Structure formats: structure tokens, C-alpha cells
>>> print(open('target-v2.txt').read())   # compact mmCIF, C-alpha atoms and all ligand atoms
# COMPACT_ATOMS: atom_id res chain seq x y z
CA MET A 214 -13.47 -6.60 -10.61
CA LYS A 215 -13.37 -4.73 -13.90
CA SER A 216 -9.92 -3.47 -14.77
CA LEU A 217 -8.68 -1.08 -17.43
CA ARG A 218 -6.20 -2.52 -19.90
CA SER A 219 -3.88 0.40 -19.19
CA PHE A 220 -3.79 3.56 -17.07
CA LYS A 221 -5.26 6.37 -19.15
CA LYS A 222 -2.42 8.86 -18.78
CA SER A 223 1.26 9.12 -17.86
CA LEU A 224 1.79 8.15 -14.26
CA TRP A 225 3.27 11.00 -12.23
CA VAL A 226 4.92 10.29 -8.93
CA TYR A 227 5.56 12.62 -6.00
CA HIS A 228 8.16 11.80 -3.39
CA PHE A 229 7.65 12.73 0.28
CA ASN A 230 10.37 12.38 2.90
CA SER A 231 8.71 11.94 6.30
CA GLY A 232 12.01 11.62 8.19
CA SER A 233 14.14 9.25 6.15
CA CYS A 234 17.92 8.84 6.58
CA ASN A 235 18.28 9.63 2.84
CA GLY A 236 19.23 6.07 1.94
CA CYS A 237 15.84 5.43 0.37
CA GLU A 238 16.06 8.76 -1.54
CA ILE A 239 19.33 7.64 -3.13
CA GLU A 240 17.65 4.47 -4.35
CA ILE A 241 14.64 6.41 -5.70
CA VAL A 242 17.06 8.62 -7.62
CA ALA A 243 18.86 5.46 -8.83
CA ALA A 244 15.49 4.13 -10.04
CA ILE A 245 15.00 7.12 -12.38
CA THR A 246 18.49 6.91 -13.95
CA PRO A 247 18.89 5.77 -17.59
CA ARG A 248 19.71 2.25 -16.39
CA TYR A 249 16.05 1.74 -15.44
CA ASP A 250 14.54 4.66 -17.34
CA PRO A 251 10.90 4.58 -16.15
CA GLU A 252 10.28 7.76 -18.16
CA ARG A 253 9.97 5.67 -21.31
CA PHE A 254 6.63 4.54 -19.80
CA GLY A 255 5.69 8.11 -18.89
CA ILE A 256 6.50 7.55 -15.20
CA ARG A 257 8.24 10.60 -13.78
CA LEU A 258 8.86 12.38 -10.50
CA VAL A 259 6.96 15.66 -10.15
CA GLY A 260 7.46 18.53 -7.71
CA SER A 261 3.88 18.93 -6.51
CA PRO A 262 1.37 16.46 -5.04
CA ARG A 263 -1.33 18.33 -6.95
CA HIS A 264 0.03 16.81 -10.17
CA ALA A 265 0.66 13.33 -8.82
CA ASP A 266 -1.14 9.98 -9.04
CA VAL A 267 1.21 8.13 -6.71
CA MET A 268 3.09 9.30 -3.61
CA LEU A 269 6.29 7.59 -2.53
CA VAL A 270 6.81 8.02 1.22
CA THR A 271 10.22 7.32 2.76
CA GLY A 272 11.15 7.19 6.42
CA PRO A 273 9.21 6.82 9.65
CA VAL A 274 6.85 9.72 10.33
CA THR A 275 8.39 12.24 12.73
CA ARG A 276 6.19 14.56 14.81
CA LYS A 277 7.20 17.59 12.73
CA MET A 278 6.31 15.86 9.47
CA GLU A 279 2.99 14.33 10.50
CA PRO A 280 0.72 17.34 9.79
CA ARG A 281 2.62 17.99 6.56
CA LEU A 282 2.21 14.40 5.42
CA ARG A 283 -1.54 14.60 6.10
CA ARG A 284 -1.82 17.93 4.25
CA VAL A 285 0.20 16.79 1.24
CA TYR A 286 -1.85 13.59 0.98
CA ALA A 287 -5.07 15.62 1.14
CA GLN A 288 -3.79 17.82 -1.69
CA MET A 289 -3.41 14.93 -4.16
CA PRO A 290 -6.26 14.57 -6.66
CA ASP A 291 -8.29 11.35 -6.73
CA PRO A 292 -7.69 8.51 -7.46
CA LYS A 293 -4.41 8.37 -5.53
CA MET A 294 -2.04 5.70 -4.29
CA VAL A 295 0.57 5.69 -1.55
CA VAL A 296 3.70 3.54 -1.81
CA VAL A 297 5.88 3.26 1.29
CA VAL A 298 9.51 2.82 0.31
CA GLY A 299 11.75 1.18 2.95
CA VAL A 300 11.13 -0.59 6.23
CA CYS A 301 11.25 2.67 8.20
CA GLY A 302 7.91 3.77 6.77
CA SER A 303 6.49 0.23 6.97
CA SER A 304 7.26 -0.49 10.62
CA GLY A 305 9.49 2.23 12.11
CA SER A 306 12.44 -0.14 11.77
CA PRO A 307 15.44 0.83 13.97
CA PHE A 308 13.55 3.91 15.15
CA TYR A 309 10.56 1.89 16.35
CA GLU A 310 9.13 3.33 19.60
CA SER A 311 11.25 6.48 19.39
CA TYR A 312 9.82 9.34 21.46
CA ASN A 313 9.85 11.55 18.36
CA LEU A 314 7.86 9.29 16.00
CA VAL A 315 4.15 9.27 15.35
CA GLY A 316 4.53 5.77 13.94
CA PRO A 317 4.76 4.03 10.59
CA VAL A 318 3.14 5.75 7.62
CA ASP A 319 -0.06 3.71 7.79
CA GLN A 320 -0.80 5.22 11.21
CA VAL A 321 -1.13 8.61 9.51
CA ILE A 322 -2.46 8.06 5.96
CA PRO A 323 -3.80 5.00 4.07
CA VAL A 324 -1.03 2.97 2.40
CA ASP A 325 -1.56 0.82 -0.68
CA VAL A 326 1.85 -0.75 -1.35
CA TYR A 327 4.81 -1.53 0.93
CA VAL A 328 8.29 -1.93 -0.55
CA PRO A 329 10.51 -3.64 2.06
CA GLY A 330 14.27 -3.19 2.27
CA CYS A 331 16.74 -0.89 3.99
CA PRO A 332 16.96 0.63 1.51
CA PRO A 333 15.04 -1.27 -1.17
CA ARG A 334 16.71 -1.83 -4.54
CA PRO A 335 15.53 0.34 -7.47
CA GLU A 336 13.94 -2.77 -9.00
CA GLY A 337 11.88 -3.13 -5.83
CA ILE A 338 10.77 0.51 -5.93
CA LEU A 339 9.73 0.20 -9.59
CA TYR A 340 7.88 -3.02 -8.79
CA GLY A 341 6.02 -1.18 -6.02
CA VAL A 342 5.05 1.62 -8.43
CA VAL A 343 3.83 -0.96 -10.97
CA LYS A 344 1.69 -2.56 -8.22
CA ALA A 345 0.24 0.89 -7.50
CA VAL A 346 -0.58 1.33 -11.21
CA GLU A 347 -2.44 -1.98 -11.20
CA LYS A 348 -4.49 -0.82 -8.23
CA LEU A 349 -5.18 2.55 -9.87
CA GLU A 350 -6.37 0.78 -13.02
CA GLN A 351 -8.74 -1.34 -10.96
CA LEU A 352 -10.06 1.80 -9.23
CA GLU A 353 -10.56 3.61 -12.53
CA GLY A 354 -12.20 0.53 -14.08
CA LYS A 355 -14.73 0.51 -11.23
CA ALA A 356 -15.47 4.23 -11.52
CA MET B 188 -10.52 39.82 -49.15
CA ALA B 189 -13.42 41.41 -47.31
CA LEU B 190 -16.73 39.55 -47.12
CA GLU B 191 -20.14 40.87 -48.18
CA THR B 192 -21.00 41.70 -44.54
CA ALA B 193 -17.78 43.66 -44.01
CA LEU B 194 -17.74 47.33 -43.17
CA GLU B 195 -14.81 49.18 -44.75
CA THR B 196 -13.43 51.71 -42.31
CA GLY B 197 -10.67 53.16 -44.45
CA TYR B 198 -8.05 51.57 -42.18
CA GLY B 199 -9.26 47.98 -42.49
CA PHE B 200 -12.61 46.31 -42.15
CA TRP B 201 -15.02 45.22 -39.44
CA ASP B 202 -16.94 42.04 -40.05
CA PRO B 203 -19.24 40.46 -37.43
CA LEU B 204 -18.97 37.04 -39.10
CA VAL B 205 -15.17 37.06 -38.82
CA TRP B 206 -15.53 38.25 -35.23
CA ILE B 207 -17.97 35.41 -34.34
CA LEU B 208 -15.66 32.89 -36.05
CA ALA B 209 -12.64 34.16 -34.07
CA VAL B 210 -14.58 33.97 -30.77
CA ALA B 211 -15.78 30.45 -31.63
CA ILE B 212 -12.21 29.27 -32.41
CA ALA B 213 -10.88 30.87 -29.20
CA ALA B 214 -13.68 29.22 -27.18
CA ALA B 215 -12.93 25.83 -28.78
CA VAL B 216 -9.21 26.14 -27.95
CA ALA B 217 -10.03 27.21 -24.37
CA TYR B 218 -12.41 24.24 -24.03
CA LEU B 219 -9.74 21.80 -25.27
CA ILE B 220 -7.21 23.18 -22.77
CA TRP B 221 -9.79 23.02 -19.96
CA ARG B 222 -10.71 19.42 -20.90
CA ALA B 223 -7.07 18.34 -20.72
CA GLY B 224 -6.97 19.44 -17.05
CA GLU B 225 -7.11 17.22 -13.97
CA GLU B 226 -10.65 15.98 -13.40
CA GLY B 227 -9.99 14.35 -10.06
CA TYR B 228 -10.03 17.58 -8.03
CA LYS B 229 -12.77 18.03 -5.49
CA ARG B 230 -13.87 21.62 -5.00
CA GLY B 231 -13.76 23.11 -1.54
CA THR B 232 -11.21 20.55 -0.24
CA ALA B 233 -7.46 20.71 0.38
CA GLN B 234 -7.03 19.49 -3.21
CA THR B 235 -7.55 23.02 -4.48
CA GLU B 236 -5.20 24.71 -1.99
CA ALA B 237 -1.77 25.95 -3.01
CA PHE B 238 1.06 23.50 -2.36
CA LEU B 239 3.61 25.14 -0.02
CA SER B 240 5.80 22.13 0.78
CA GLY B 241 3.13 20.83 3.11
CA ASN B 242 2.91 24.04 5.14
CA VAL B 243 -0.37 25.78 5.94
CA GLN B 244 -1.50 28.25 3.32
CA PRO B 245 -1.33 31.73 4.91
CA GLU B 246 -4.17 34.23 4.64
CA LYS B 247 -4.43 35.79 1.20
CA GLY B 248 -3.57 39.21 2.64
CA ALA B 249 -0.37 37.87 4.15
CA ILE B 250 1.10 36.63 0.86
CA HIS B 251 -0.18 39.13 -1.68
CA VAL B 252 1.52 42.44 -2.45
CA ARG B 253 -0.79 45.06 -0.99
CA ALA B 254 -1.42 48.50 -2.51
CA GLY B 255 0.34 50.08 0.49
CA ASN B 256 3.52 48.17 -0.42
CA LEU B 257 3.83 50.31 -3.56
CA TYR B 258 4.50 53.40 -1.40
CA TRP B 259 7.34 51.74 0.49
CA GLY B 260 10.15 53.79 -1.11
CA PHE B 261 8.22 57.04 -0.69
CA LEU B 262 7.55 56.35 3.00
CA GLU B 263 11.19 55.34 3.59
CA ALA B 264 12.47 58.55 1.97
CA LEU B 265 10.18 60.73 4.13
CA ALA B 266 10.49 58.60 7.26
CA GLN B 267 11.68 61.53 9.42
CA TYR B 268 8.66 63.60 8.44
CA TYR B 269 6.18 60.75 8.99
CA ARG B 270 7.71 59.84 12.37
CA ARG B 271 6.62 63.26 13.65
CA THR B 272 3.35 63.79 11.79
CA VAL B 273 1.72 60.37 12.08
CA PRO B 274 1.42 60.47 15.93
CA VAL B 275 -0.21 63.91 15.61
CA HIS B 276 -3.06 62.32 13.62
CA THR B 277 -4.94 61.05 16.65
CA GLY B 278 -8.32 60.80 14.94
CA VAL B 279 -9.89 62.86 17.77
CA LEU B 280 -11.87 65.83 16.40
CA ASN B 281 -11.07 67.99 19.45
CA ASP B 282 -7.34 67.68 18.65
CA TYR B 283 -7.88 68.75 15.07
CA VAL B 284 -9.97 71.78 16.12
CA LEU B 285 -7.27 72.77 18.64
CA TRP B 286 -4.61 72.51 15.93
CA PHE B 287 -6.81 74.58 13.62
CA LEU B 288 -7.38 77.29 16.25
CA GLY B 289 -3.70 77.31 17.25
CA ILE B 290 -2.40 77.63 13.69
CA THR B 291 -5.04 80.29 12.85
CA ALA B 292 -4.03 82.29 15.95
CA LEU B 293 -0.36 81.97 14.96
CA ILE B 294 -1.09 83.25 11.42
CA ILE B 295 -3.10 86.19 12.81
CA VAL B 296 -0.25 87.10 15.18
CA ILE B 297 2.32 86.88 12.37
CA ILE B 298 0.14 89.06 10.09
CA GLY B 299 -0.42 91.53 12.97
CA LEU B 300 3.34 91.82 13.55
CA MET B 301 4.06 92.51 9.90
CA PRO B 302 5.07 96.16 9.24
S1 LIG C 401 14.58 2.11 5.35
FE1 LIG C 401 16.79 2.20 5.74
S2 LIG C 401 17.57 3.47 4.05
FE2 LIG C 401 15.37 3.82 4.14
S3 LIG C 401 15.10 5.59 5.48
FE3 LIG C 401 14.98 3.79 6.79
S4 LIG C 401 17.06 3.47 7.59
FE4 LIG C 401 17.20 4.83 5.79
>>> encode(input="target-v2.txt", output="C-alpha cells")
Amino acid sequence: MKSLRSFKKSLWVYHFNSGSCNGCEIEIVAAITPRYDPERFGIRLVGSPRHADVMLVTGPVTRKMEPRLRRVYAQMPDPKMVVVVGVCGSSGSPFYESYNLVGPVDQVIPVDVYVPGCPPRPEGILYGVVKAVEKLEQLEGKA
Amino acid sequence: MALETALETGYGFWDPLVWILAVAIAAAVAYLIWRAGEEGYKRGTAQTEAFLSGNVQPEKGAIHVRAGNLYWGFLEALAQYYRRTVPVHTGVLNDYVLWFLGITALIIVIIGLMP
């Protein structure tokens, strides 16, 4: 598969909370602090999915958030990647089989990268984003 | 310095070549800005809808300021007047003719009573 040597522009990331306990959010915020400083590579959190290349989804998907998750995903321009941060979004975790859950994120939208952990460490989240970049580069190389 | 093609107006000059050059530069700048935009959008899909935190985009009429909204203060100030007069405007022609005849009769009576 042909792959670009690098992604053509700064990678912008949008964060979506589909029902998380906020633990994963704290780690995402930790991942953008000066200690890790992903902005030096142009990677930054943005406030709108319409500007984003990658979406970080935290938490299992609650019934209230399901249509919103679908809509926000549909609003992202192509090519797009979804990174699930935390085991809640990957499997439902402690909330598995709850009456109020639609299921893990991949039951609602396509997922490209899973970052395990409850919550995952910032290094893990950044690793997941880097994996997403690799996949985006492959997609763009094919196009 | 005015060019050969320039027309001196007394207040300045008008030159079609300068005008064409300005339009060409503006078009080039606009093109560069347009080219820097996001190419990945697909027309006619959710990708071109406004982002409202994942909520459904309401009808255009429901979110825009309508012309009628400009009269809000006026209508509020004359609310007492409008509360009485708006129900009278039934839209039925018979009602309007009756009002017309009634008021005309009243005016004739008042004029007739005048010394
Ligand atoms: S994975 Fe853990 S920290 Fe993250 S939302 Fe679930 S329970 Fe909270």
C-alpha cells in the first residue's frame, strides 16, 4: 500500500464525550500539557468536528448521546479517523449491559484505533493518535 | 502618476487598466484563500451542516432574526392598543363593511347634532 511520507497538514483533533466518567478527559487534557506538547507537531484539539481529522471518543455510548455521536461523526470531513480512548468506549467496561447504553463506540460508528486503559496514560493517547495519523497517511496515499 | 489611459476627473483619475489590475489581484487573493480551504467536504451531506454540539440544525426561520423581530419594542409599547385592535381584524369582508357603515353612520349623526 502506498503511503505518504508525512500527513500533508497539521493534524486537528476533536474530542467527543459519549458518556465518560471524566477520567479519560483528564488524561486527554494531561496529554496536551507542555510535558508532552503535541502542538509542536501541529496536533491540537479543536472545538468543531468540521475542522477535525481525528475524533477522540471517550466513554460508553449512552442512549442520549448516540444520535449526537452519529451526527458529529457525519459532520467530519473526509478522510477521518476515530480513536476510542479508554475501555468504556472499547467494550462498555463496568457499564457493560447497562439498560441505558447503546453499546461500545464501534456499535455506533466505525472505529480505527482503540486505546485501552481506565483511564489510559497520556502516552497511550498520543500513541493512539500517532497510529491514526499513520492510517490517514495510508488513506491519502491511496487517494 | 496617472497612466496614458487615465481620465482626469478633477478630483482624481479613473483608469480601466488600474481597475482591471485591482480586480485581478483581488480575484487571485480570493482564489488563494479558497484553495487553502478544506477539500474533503462532500456537498449535500451532513458535512456542510452547522455544528450545534451534535444537536439537529433547526429550520432556518427558527434561528434567524426575522423582519418582524425589529418591531418588537414598538409592539410592546403599544401592546394595549394592539390587544384590542388585532382581534377586530377578522379578515372577513362583511365585518369590514359593517364597521365602515357603522362609523359612517356615527359621523353623520355627530355632524347632524352639531349646532
Ligand atoms: S475508561 Fe475509565 S476513566 Fe475512562 S470513562 Fe471509562 S471508567 Fe472513566
>>> atom_distance(input="target-v2.txt", atom1="atom CA of A:Gly305", atom2="atom CA of B:Gly241")
21.6 Å
>>> closest_residue(input="target-v2.txt", among="A:Glu353, A:Asp325, A:Glu310, A:Glu238", to="chain B", atoms="all atoms listed in the file")
A:Glu353
>>> interface_residues(input="target-v2.txt", of="chain A", to="chain B", cutoff="9 Å", atoms="all atoms listed in the file", output="list in words")
Ser261, Pro262, Arg263, His264, Met278, Pro280, Arg281, Leu282, Arg283, Arg284, Val285, Tyr286, Ala287, Gln288, Met289, Pro290, Asp291 and Pro292 of chain A
>>> closest_atom_pairs(input="target-v2.txt", of="stretch 232-309 of chain A", to="stretch 320-324 of chain A", cutoff="10 Å", atoms="all atoms listed in the file", output="tab-separated table")
residue	atom	partner	partner_atom	distance
A:Met268	CA	A:Val324	CA	9.7
A:Leu269	CA	A:Val324	CA	10.0
A:Val270	CA	A:Val324	CA	9.4
A:Val274	CA	A:Val321	CA	8.1
A:Glu279	CA	A:Val321	CA	7.1
A:Pro280	CA	A:Val321	CA	8.9
A:Leu282	CA	A:Val321	CA	7.8
A:Arg283	CA	A:Ile322	CA	6.6
A:Tyr286	CA	A:Ile322	CA	7.5
A:Ala287	CA	A:Ile322	CA	9.3
A:Met294	CA	A:Val324	CA	7.3
A:Val295	CA	A:Val324	CA	5.1
A:Val296	CA	A:Val324	CA	6.4
A:Val297	CA	A:Val324	CA	7.0
A:Gly302	CA	A:Gln320	CA	9.9
A:Ser303	CA	A:Val324	CA	9.2
A:Ser304	CA	A:Gln320	CA	9.9
>>> write_last_selection(input="target-v2.txt", atoms="C-alpha atoms", output="PDB file, keeping the file's coordinate frame")
ATOM      1  CA  MET A 268       3.090   9.300  -3.610  1.00  0.00           C
ATOM      2  CA  LEU A 269       6.290   7.590  -2.530  1.00  0.00           C
ATOM      3  CA  VAL A 270       6.810   8.020   1.220  1.00  0.00           C
ATOM      4  CA  VAL A 274       6.850   9.720  10.330  1.00  0.00           C
ATOM      5  CA  GLU A 279       2.990  14.330  10.500  1.00  0.00           C
ATOM      6  CA  PRO A 280       0.720  17.340   9.790  1.00  0.00           C
ATOM      7  CA  LEU A 282       2.210  14.400   5.420  1.00  0.00           C
ATOM      8  CA  ARG A 283      -1.540  14.600   6.100  1.00  0.00           C
ATOM      9  CA  TYR A 286      -1.850  13.590   0.980  1.00  0.00           C
ATOM     10  CA  ALA A 287      -5.070  15.620   1.140  1.00  0.00           C
ATOM     11  CA  MET A 294      -2.040   5.700  -4.290  1.00  0.00           C
ATOM     12  CA  VAL A 295       0.570   5.690  -1.550  1.00  0.00           C
ATOM     13  CA  VAL A 296       3.700   3.540  -1.810  1.00  0.00           C
ATOM     14  CA  VAL A 297       5.880   3.260   1.290  1.00  0.00           C
ATOM     15  CA  GLY A 302       7.910   3.770   6.770  1.00  0.00           C
ATOM     16  CA  SER A 303       6.490   0.230   6.970  1.00  0.00           C
ATOM     17  CA  SER A 304       7.260  -0.490  10.620  1.00  0.00           C
TER      18      SER A 304
END
>>> residues_near_ligand(input="target-v2.txt", ligand="ligand LIG 401 (chain C)", cutoff="6 Å", atoms="all atoms listed in the file", output="VMD selection string")
chain A and resid 233 to 237 271 to 272 299 to 301 331 to 332
>>> closest_residue(input="target-v2.txt", among="A:Pro335, A:Gly255, A:Gly232, A:Gly260", to="A:Leu314", atoms="all atoms listed in the file")
A:Gly232
>>> atom_distance(input="target-v2.txt", atom1="atom CA of A:Ser231", atom2="atom CA of A:Tyr340")
21.3 Å
>>> atom_distance(input="target-v2.txt", atom1="atom CA of A:Gly316", atom2="atom CA of A:Arg276")
9.0 Å
>>> residues_around(input="target-v2.txt", residues="A:Val342", least_positions_apart="5", cutoff="9 Å", atoms="all atoms listed in the file", output="list in words")
Val226, Val267, Leu269, Val296, Val326, Gly337 and Glu347 of chain A
>>> closest_residue(input="target-v2.txt", among="A:Thr246, A:Ala265, A:Val346, A:Arg334", to="A:Tyr227", atoms="all atoms listed in the file")
A:Ala265
